[in-house]
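Note: the block below is work-v7.csv and it holds CSV, N, CA and C atoms.
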chain,number,residue,atom,x,y,z
A,46,MET,N,-5.5,5.6,5.8
A,46,MET,CA,-5.1,6.8,5.3
A,46,MET,C,-6.0,7.1,4.0
A,47,PRO,N,-6.7,8.2,4.0
A,47,PRO,CA,-7.5,8.5,2.9
A,47,PRO,C,-6.7,8.9,1.7
A,48,ILE,N,-7.2,8.6,0.5
A,48,ILE,CA,-6.5,9.0,-0.7
A,48,ILE,C,-7.1,10.4,-1.1
A,49,LEU,N,-6.3,11.3,-1.4
A,49,LEU,CA,-6.7,12.6,-1.8
A,49,LEU,C,-6.5,12.8,-3.3
A,50,ALA,N,-7.6,12.9,-4.0
A,50,ALA,CA,-7.6,13.1,-5.5
A,50,ALA,C,-8.4,14.3,-5.9
A,51,PRO,N,-7.9,15.1,-6.8
A,51,PRO,CA,-8.7,16.3,-7.2
A,51,PRO,C,-9.9,15.9,-8.0
A,52,VAL,N,-11.0,16.5,-7.6
A,52,VAL,CA,-12.3,16.3,-8.3
A,52,VAL,C,-13.0,17.7,-8.5
A,53,SER,N,-13.9,17.7,-9.3
A,53,SER,CA,-14.7,19.0,-9.5
A,53,SER,C,-15.6,19.2,-8.3
A,54,TRP,N,-16.0,20.5,-8.1
A,54,TRP,CA,-17.0,20.8,-7.1
A,54,TRP,C,-18.3,20.0,-7.3
A,55,GLY,N,-18.7,19.8,-8.5
A,55,GLY,CA,-20.0,19.1,-8.8
A,55,GLY,C,-19.8,17.6,-8.3
A,56,GLU,N,-18.7,17.0,-8.6
A,56,GLU,CA,-18.5,15.6,-8.3
A,56,GLU,C,-18.4,15.5,-6.7
A,57,LEU,N,-17.8,16.4,-6.0
A,57,LEU,CA,-17.7,16.4,-4.6
A,57,LEU,C,-19.1,16.5,-4.0
A,58,LEU,N,-19.8,17.5,-4.4
A,58,LEU,CA,-21.2,17.7,-3.9
A,58,LEU,C,-22.1,16.6,-4.2
A,59,ASP,N,-22.0,16.0,-5.4
A,59,ASP,CA,-22.8,14.9,-5.8
A,59,ASP,C,-22.5,13.7,-4.8
A,60,LYS,N,-21.3,13.5,-4.5
A,60,LYS,CA,-20.9,12.4,-3.6
A,60,LYS,C,-21.5,12.6,-2.2
A,61,ILE,N,-21.5,13.9,-1.7
A,61,ILE,CA,-22.0,14.2,-0.4
A,61,ILE,C,-23.5,14.0,-0.4
A,62,THR,N,-24.3,14.3,-1.5
A,62,THR,CA,-25.7,14.1,-1.5
A,62,THR,C,-26.0,12.6,-1.5
A,63,ILE,N,-25.2,11.8,-2.1
A,63,ILE,CA,-25.4,10.4,-2.1
A,63,ILE,C,-25.1,9.8,-0.7
A,64,LEU,N,-24.1,10.3,0.0
A,64,LEU,CA,-23.9,9.9,1.3
A,64,LEU,C,-25.0,10.4,2.3
A,65,ASP,N,-25.7,11.5,2.0
A,65,ASP,CA,-26.9,11.9,2.7
A,65,ASP,C,-27.9,10.9,2.6
A,66,ILE,N,-28.2,10.4,1.4
A,66,ILE,CA,-29.2,9.4,1.1
A,66,ILE,C,-28.9,8.1,1.8
A,67,LYS,N,-27.6,7.7,1.7
A,67,LYS,CA,-27.2,6.5,2.4
A,67,LYS,C,-27.4,6.6,3.9
A,68,ALA,N,-27.1,7.7,4.5
A,68,ALA,CA,-27.3,7.9,5.9
A,68,ALA,C,-28.7,7.8,6.3
A,69,GLU,N,-29.6,8.2,5.5
A,69,GLU,CA,-31.1,8.1,5.7
A,69,GLU,C,-31.6,6.6,5.6
A,70,ARG,N,-30.9,5.8,4.7
A,70,ARG,CA,-31.5,4.6,4.3
A,70,ARG,C,-30.8,3.3,4.8
A,71,ILE,N,-29.6,3.5,5.3
A,71,ILE,CA,-28.8,2.3,5.7
A,71,ILE,C,-29.0,2.1,7.2
A,72,ALA,N,-29.4,0.9,7.6
A,72,ALA,CA,-29.7,0.6,9.0
A,72,ALA,C,-28.5,0.0,9.8
A,73,ASP,N,-27.6,-0.7,9.0
A,73,ASP,CA,-26.5,-1.4,9.7
A,73,ASP,C,-25.6,-0.4,10.3
A,74,ALA,N,-25.3,-0.5,11.6
A,74,ALA,CA,-24.5,0.5,12.4
A,74,ALA,C,-23.1,0.6,11.9
A,75,GLU,N,-22.5,-0.5,11.5
A,75,GLU,CA,-21.1,-0.4,11.0
A,75,GLU,C,-21.0,0.4,9.7
A,76,LYS,N,-22.0,0.0,8.8
A,76,LYS,CA,-22.0,0.7,7.5
A,76,LYS,C,-22.3,2.2,7.7
A,77,LEU,N,-23.3,2.5,8.6
A,77,LEU,CA,-23.6,3.8,8.8
A,77,LEU,C,-22.5,4.7,9.4
A,78,ALA,N,-21.7,4.1,10.2
A,78,ALA,CA,-20.5,4.7,10.8
A,78,ALA,C,-19.5,5.1,9.6
A,79,ASN,N,-19.3,4.2,8.7
A,79,ASN,CA,-18.5,4.4,7.6
A,79,ASN,C,-19.0,5.5,6.7
A,80,VAL,N,-20.3,5.5,6.5
A,80,VAL,CA,-20.9,6.6,5.7
A,80,VAL,C,-20.7,7.9,6.3
A,81,ARG,N,-21.0,8.0,7.6
A,81,ARG,CA,-20.8,9.3,8.4
A,81,ARG,C,-19.4,9.8,8.4
A,82,ARG,N,-18.4,8.9,8.5
A,82,ARG,CA,-17.0,9.2,8.5
A,82,ARG,C,-16.6,9.8,7.2
A,83,GLU,N,-17.0,9.1,6.1
A,83,GLU,CA,-16.7,9.6,4.8
A,83,GLU,C,-17.4,11.0,4.5
A,84,ARG,N,-18.6,11.1,4.9
A,84,ARG,CA,-19.3,12.4,4.7
A,84,ARG,C,-18.7,13.5,5.5
A,85,GLU,N,-18.3,13.3,6.7
A,85,GLU,CA,-17.6,14.3,7.5
A,85,GLU,C,-16.3,14.8,6.8
A,86,ALA,N,-15.5,13.8,6.2
A,86,ALA,CA,-14.3,14.2,5.6
A,86,ALA,C,-14.6,15.0,4.3
A,87,LEU,N,-15.6,14.6,3.6
A,87,LEU,CA,-15.9,15.4,2.3
A,87,LEU,C,-16.5,16.7,2.6
A,88,GLU,N,-17.3,16.8,3.7
A,88,GLU,CA,-17.9,18.1,4.1
A,88,GLU,C,-16.8,19.1,4.5
A,89,ALA,N,-15.7,18.6,5.1
A,89,ALA,CA,-14.6,19.5,5.4
A,89,ALA,C,-14.0,20.1,4.2
A,90,VAL,N,-13.9,19.4,3.1
A,90,VAL,CA,-13.4,19.9,1.9
A,90,VAL,C,-14.4,20.9,1.2
A,91,ALA,N,-15.7,20.5,1.3
A,91,ALA,CA,-16.8,21.3,0.6
A,91,ALA,C,-16.9,22.6,1.3
A,92,ALA,N,-16.5,22.7,2.6
A,92,ALA,CA,-16.6,24.0,3.3
A,92,ALA,C,-15.7,25.1,2.7
A,93,GLN,N,-14.8,24.7,1.8
A,93,GLN,CA,-14.0,25.7,1.2
A,93,GLN,C,-14.7,26.4,0.1
A,94,ALA,N,-15.9,25.9,-0.3
A,94,ALA,CA,-16.7,26.5,-1.4
A,94,ALA,C,-17.8,27.3,-0.8
A,95,ASP,N,-18.3,28.3,-1.6
A,95,ASP,CA,-19.4,29.1,-1.1
A,95,ASP,C,-20.7,28.4,-1.5
A,96,THR,N,-21.0,27.3,-0.7
A,96,THR,CA,-22.2,26.5,-1.0
A,96,THR,C,-23.5,27.0,-0.3
A,97,ALA,N,-23.3,28.1,0.5
A,97,ALA,CA,-24.5,28.6,1.2
A,97,ALA,C,-25.3,29.6,0.3
A,98,ARG,N,-24.7,30.0,-0.8
A,98,ARG,CA,-25.5,30.9,-1.7
A,98,ARG,C,-26.8,30.3,-2.1
A,99,PRO,N,-27.9,31.0,-2.1
A,99,PRO,CA,-29.2,30.4,-2.4
A,99,PRO,C,-29.3,29.6,-3.7
A,100,GLU,N,-28.6,30.2,-4.7
A,100,GLU,CA,-28.7,29.6,-6.1
A,100,GLU,C,-27.9,28.2,-6.1
A,101,VAL,N,-26.8,28.2,-5.3
A,101,VAL,CA,-26.0,27.0,-5.2
A,101,VAL,C,-26.8,25.9,-4.3
A,102,THR,N,-27.4,26.4,-3.2
A,102,THR,CA,-28.2,25.5,-2.4
A,102,THR,C,-29.3,24.9,-3.1
A,103,ALA,N,-29.9,25.6,-4.0
A,103,ALA,CA,-31.1,25.1,-4.8
A,103,ALA,C,-30.6,24.0,-5.7
A,104,VAL,N,-29.5,24.2,-6.3
A,104,VAL,CA,-29.0,23.1,-7.3
A,104,VAL,C,-28.5,21.9,-6.5
A,105,ILE,N,-27.9,22.1,-5.3
A,105,ILE,CA,-27.6,20.9,-4.5
A,105,ILE,C,-28.8,20.2,-4.1
A,106,ASP,N,-29.9,20.9,-3.7
A,106,ASP,CA,-31.1,20.3,-3.3
A,106,ASP,C,-31.7,19.5,-4.5
A,107,ASP,N,-31.6,20.1,-5.7
A,107,ASP,CA,-32.1,19.4,-6.9
A,107,ASP,C,-31.3,18.1,-7.2
A,108,LEU,N,-30.0,18.2,-7.0
A,108,LEU,CA,-29.1,17.1,-7.2
A,108,LEU,C,-29.4,16.0,-6.2
A,109,ARG,N,-29.7,16.3,-4.9
A,109,ARG,CA,-30.1,15.3,-3.9
A,109,ARG,C,-31.4,14.7,-4.3
A,110,ALA,N,-32.3,15.4,-4.9
A,110,ALA,CA,-33.6,14.8,-5.3
A,110,ALA,C,-33.4,13.9,-6.5
A,111,VAL,N,-32.5,14.3,-7.4
A,111,VAL,CA,-32.2,13.4,-8.6
A,111,VAL,C,-31.5,12.1,-8.1
A,112,ASN,N,-30.6,12.2,-7.2
A,112,ASN,CA,-29.9,11.1,-6.6
A,112,ASN,C,-30.9,10.2,-5.8
A,113,THR,N,-31.8,10.7,-5.2
A,113,THR,CA,-32.9,10.0,-4.5
A,113,THR,C,-33.7,9.2,-5.5
A,114,THR,N,-34.1,9.8,-6.6
A,114,THR,CA,-34.8,9.2,-7.7
A,114,THR,C,-34.0,8.0,-8.2
A,115,LEU,N,-32.7,8.3,-8.5
A,115,LEU,CA,-31.8,7.2,-9.0
A,115,LEU,C,-31.8,6.0,-8.0
A,116,TRP,N,-31.7,6.3,-6.8
A,116,TRP,CA,-31.6,5.3,-5.7
A,116,TRP,C,-32.9,4.4,-5.8
A,117,GLU,N,-34.0,5.0,-5.9
A,117,GLU,CA,-35.3,4.3,-6.0
A,117,GLU,C,-35.4,3.5,-7.3
A,118,ILE,N,-35.0,4.1,-8.4
A,118,ILE,CA,-35.0,3.4,-9.7
A,118,ILE,C,-34.1,2.1,-9.6
A,119,GLU,N,-32.9,2.3,-9.0
A,119,GLU,CA,-32.0,1.2,-8.9
A,119,GLU,C,-32.6,0.1,-8.0
A,120,ASP,N,-33.2,0.5,-6.9
A,120,ASP,CA,-33.8,-0.5,-6.0
A,120,ASP,C,-34.9,-1.3,-6.8
A,121,GLU,N,-35.7,-0.6,-7.6
A,121,GLU,CA,-36.8,-1.3,-8.3
A,121,GLU,C,-36.2,-2.1,-9.4
A,122,ILE,N,-35.2,-1.7,-10.1
A,122,ILE,CA,-34.6,-2.5,-11.2
A,122,ILE,C,-34.0,-3.7,-10.6
A,123,ARG,N,-33.4,-3.7,-9.4
A,123,ARG,CA,-32.8,-4.8,-8.8
A,123,ARG,C,-33.9,-5.8,-8.4
A,124,ASP,N,-35.1,-5.3,-8.0
A,124,ASP,CA,-36.2,-6.2,-7.7
A,124,ASP,C,-36.6,-6.9,-8.9
A,125,CYS,N,-36.7,-6.3,-10.1
A,125,CYS,CA,-37.0,-6.9,-11.3
A,125,CYS,C,-35.9,-8.0,-11.6
A,126,GLU,N,-34.7,-7.7,-11.5
A,126,GLU,CA,-33.6,-8.6,-11.7
A,126,GLU,C,-33.7,-9.8,-10.8
A,127,ARG,N,-34.0,-9.6,-9.6
A,127,ARG,CA,-34.2,-10.7,-8.6
A,127,ARG,C,-35.3,-11.6,-9.0
A,128,ALA,N,-36.4,-11.0,-9.6
A,128,ALA,CA,-37.6,-11.8,-10.0
A,128,ALA,C,-37.4,-12.3,-11.4
A,129,LYS,N,-36.3,-12.0,-12.1
A,129,LYS,CA,-36.1,-12.4,-13.5
A,129,LYS,C,-37.2,-11.9,-14.4
A,130,ASP,N,-37.6,-10.7,-14.0
A,130,ASP,CA,-38.7,-10.0,-14.8
A,130,ASP,C,-38.0,-8.9,-15.6
A,131,PHE,N,-37.8,-9.2,-16.9
A,131,PHE,CA,-37.1,-8.3,-17.8
A,131,PHE,C,-38.1,-7.8,-18.9
A,132,GLY,N,-39.3,-7.6,-18.5
A,132,GLY,CA,-40.4,-7.1,-19.4
A,132,GLY,C,-40.4,-5.6,-19.5
A,133,PRO,N,-41.6,-5.1,-19.8
A,133,PRO,CA,-41.7,-3.6,-20.1
A,133,PRO,C,-41.3,-2.8,-18.9
A,134,ARG,N,-41.6,-3.2,-17.7
A,134,ARG,CA,-41.2,-2.4,-16.5
A,134,ARG,C,-39.7,-2.3,-16.4
A,135,PHE,N,-39.0,-3.4,-16.6
A,135,PHE,CA,-37.5,-3.4,-16.5
A,135,PHE,C,-36.9,-2.5,-17.5
A,136,VAL,N,-37.5,-2.5,-18.7
A,136,VAL,CA,-37.0,-1.7,-19.8
A,136,VAL,C,-37.2,-0.2,-19.5
A,137,GLU,N,-38.4,0.1,-19.0
A,137,GLU,CA,-38.7,1.5,-18.6
A,137,GLU,C,-37.8,2.0,-17.5
A,138,LEU,N,-37.5,1.1,-16.5
A,138,LEU,CA,-36.6,1.5,-15.5
A,138,LEU,C,-35.2,1.7,-16.0
A,139,ALA,N,-34.7,0.8,-16.9
A,139,ALA,CA,-33.4,1.0,-17.4
A,139,ALA,C,-33.2,2.3,-18.2
A,140,ARG,N,-34.3,2.7,-18.9
A,140,ARG,CA,-34.3,3.9,-19.7
A,140,ARG,C,-34.3,5.1,-18.7
A,141,GLN,N,-35.0,5.0,-17.6
A,141,GLN,CA,-35.0,6.0,-16.6
A,141,GLN,C,-33.6,6.3,-16.0
A,142,VAL,N,-32.8,5.2,-15.9
A,142,VAL,CA,-31.5,5.4,-15.3
A,142,VAL,C,-30.7,6.4,-16.1
A,143,TYR,N,-30.6,6.2,-17.4
A,143,TYR,CA,-29.8,7.1,-18.2
A,143,TYR,C,-30.4,8.5,-18.4
A,144,HIS,N,-31.7,8.6,-18.4
A,144,HIS,CA,-32.4,9.9,-18.5
A,144,HIS,C,-32.1,10.7,-17.2
A,145,THR,N,-32.2,10.0,-16.1
A,145,THR,CA,-32.0,10.6,-14.8
A,145,THR,C,-30.5,11.0,-14.6
A,146,ASN,N,-29.6,10.1,-15.1
A,146,ASN,CA,-28.2,10.4,-15.0
A,146,ASN,C,-27.8,11.6,-15.9
A,147,ASP,N,-28.5,11.8,-17.0
A,147,ASP,CA,-28.3,13.0,-17.8
A,147,ASP,C,-28.6,14.2,-17.0
A,148,ARG,N,-29.7,14.2,-16.3
A,148,ARG,CA,-30.1,15.3,-15.5
A,148,ARG,C,-29.1,15.6,-14.4
A,149,ARG,N,-28.6,14.5,-13.8
A,149,ARG,CA,-27.6,14.6,-12.7
A,149,ARG,C,-26.3,15.2,-13.3
A,150,ALA,N,-25.9,14.8,-14.4
A,150,ALA,CA,-24.7,15.4,-15.0
A,150,ALA,C,-24.8,16.9,-15.3
A,151,ALA,N,-26.0,17.3,-15.7
A,151,ALA,CA,-26.3,18.7,-16.0
A,151,ALA,C,-26.2,19.5,-14.7
A,152,LEU,N,-26.8,19.0,-13.6
A,152,LEU,CA,-26.7,19.7,-12.3
A,152,LEU,C,-25.3,19.8,-11.8
A,153,LYS,N,-24.5,18.7,-12.0
A,153,LYS,CA,-23.1,18.8,-11.6
A,153,LYS,C,-22.3,19.8,-12.4
A,154,ARG,N,-22.6,19.9,-13.7
A,154,ARG,CA,-22.0,20.9,-14.5
A,154,ARG,C,-22.4,22.3,-14.0
A,155,ASP,N,-23.7,22.5,-13.7
A,155,ASP,CA,-24.1,23.8,-13.2
A,155,ASP,C,-23.4,24.2,-11.9
A,156,LEU,N,-23.2,23.2,-11.0
A,156,LEU,CA,-22.4,23.5,-9.8
A,156,LEU,C,-21.0,23.8,-10.1
A,157,ASN,N,-20.4,23.1,-11.1
A,157,ASN,CA,-19.0,23.5,-11.5
A,157,ASN,C,-18.9,24.9,-12.0
A,158,GLN,N,-19.9,25.3,-12.8
A,158,GLN,CA,-19.9,26.7,-13.3
A,158,GLN,C,-20.1,27.7,-12.2
A,159,MET,N,-21.0,27.4,-11.3
A,159,MET,CA,-21.3,28.4,-10.2
A,159,MET,C,-20.2,28.6,-9.3
A,160,LEU,N,-19.4,27.5,-9.0
A,160,LEU,CA,-18.4,27.5,-8.0
A,160,LEU,C,-17.0,27.7,-8.7
A,161,GLY,N,-16.9,27.9,-10.0
A,161,GLY,CA,-15.7,28.1,-10.6
A,161,GLY,C,-14.7,27.0,-10.6
A,162,SER,N,-15.2,25.8,-10.8
A,162,SER,CA,-14.4,24.6,-10.7
A,162,SER,C,-13.4,24.5,-11.9
A,163,GLU,N,-12.1,24.2,-11.5
A,163,GLU,CA,-11.1,24.1,-12.6
A,163,GLU,C,-11.3,22.8,-13.3
A,164,LEU,N,-11.9,21.8,-12.6
A,164,LEU,CA,-12.1,20.5,-13.2
A,164,LEU,C,-13.6,20.4,-13.6
A,165,VAL,N,-13.9,19.8,-14.8
A,165,VAL,CA,-15.2,19.7,-15.2
A,165,VAL,C,-15.4,18.3,-15.9
A,166,GLU,N,-16.3,17.5,-15.4
A,166,GLU,CA,-16.6,16.2,-16.0
A,166,GLU,C,-17.3,16.4,-17.3
A,167,GLU,N,-16.8,15.6,-18.3
A,167,GLU,CA,-17.4,15.6,-19.6
A,167,GLU,C,-18.0,14.3,-20.0
A,168,LYS,N,-19.2,14.3,-20.7
A,168,LYS,CA,-19.9,13.1,-21.1
A,168,LYS,C,-19.7,13.1,-22.7
A,169,SER,N,-19.8,11.9,-23.2
A,169,SER,CA,-19.6,11.8,-24.7
A,169,SER,C,-20.8,11.1,-25.4
A,170,TYR,N,-21.9,11.0,-24.7
A,170,TYR,CA,-23.0,10.3,-25.2
A,170,TYR,C,-23.7,11.1,-26.4
A,171,GLN,N,-24.2,10.4,-27.3
A,171,GLN,CA,-25.0,11.1,-28.4
A,171,GLN,C,-26.4,11.4,-27.9
A,172,ALA,N,-26.9,12.4,-28.5
A,172,ALA,CA,-28.3,12.8,-28.1
A,172,ALA,C,-29.3,11.7,-28.5
A,173,TYR,N,-30.4,11.6,-27.8
A,173,TYR,CA,-31.4,10.5,-28.2
A,173,TYR,C,-32.7,11.2,-28.4
Show me the file's structure as structure tokens.
Amino acid sequence: MPILAPVSWGELLDKITILDIKAERIADAEKLANVRREREALEAVAAQADTARPEVTAVIDDLRAVNTTLWEIEDEIRDCERAKDFGPRFVELARQVYHTNDRRAALKRDLNQMLGSELVEEKSYQAY
């Protein structure tokens, strides 16, 4: 039985873009079936929003691109971890994670505003 929890539109659409990426990159059939099942369930909820508007679609596409970048950064940082290489490249990648996550949060906020979300995720980080 799925757990139904209220989330913002930005959070929901973010999760769907991550599932899109997983569907492209995961080869294991059992894992892929789980990803597809979850995506279908979330897409059914997302269908309630007007996500077909060009300005919304553009932000969703940007969010998918940012999440793809995060996926690649995380893959590379895990390669460094596996190799016990914590030098300049590791530090650069670690910094890219939070810079990219800041962009991701801004896009989710944009989606929340565009779609009139009653729930909005807040961050409390200081500017750098």
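Minimum atom-to-atom distances from A:Leu49, A:Trp54, A:Arg98, A:His144 to A:Glu166 were compared using only C-alpha atoms, and the lowest value belongs to A:Trp54.
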Go through A:Val90, A:Ile105, A:Leu164, A:Leu152 one by one, measure the shortest atom-to-atom distance of each to A:Pro51 using all atoms listed in the file, and give the residue with the smallest value. A:Leu164
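Counting only C-alpha atoms and comparing A:Ala172, A:Ala150, A:Val142, A:Lys60, the residue that lies closest to A:Thr114 is A:Val142.
Minimum distance to A:Glu56 across A:Gln141, A:Thr102, A:Arg154, A:Leu108 (counting all atoms listed in the file) occurs at A:Arg154.
Distance check against A:Gln158 using only N, CA and C atoms: of A:Gly55, A:Ala86, A:Ala110, A:Arg70, the minimum falls on A:Gly55.
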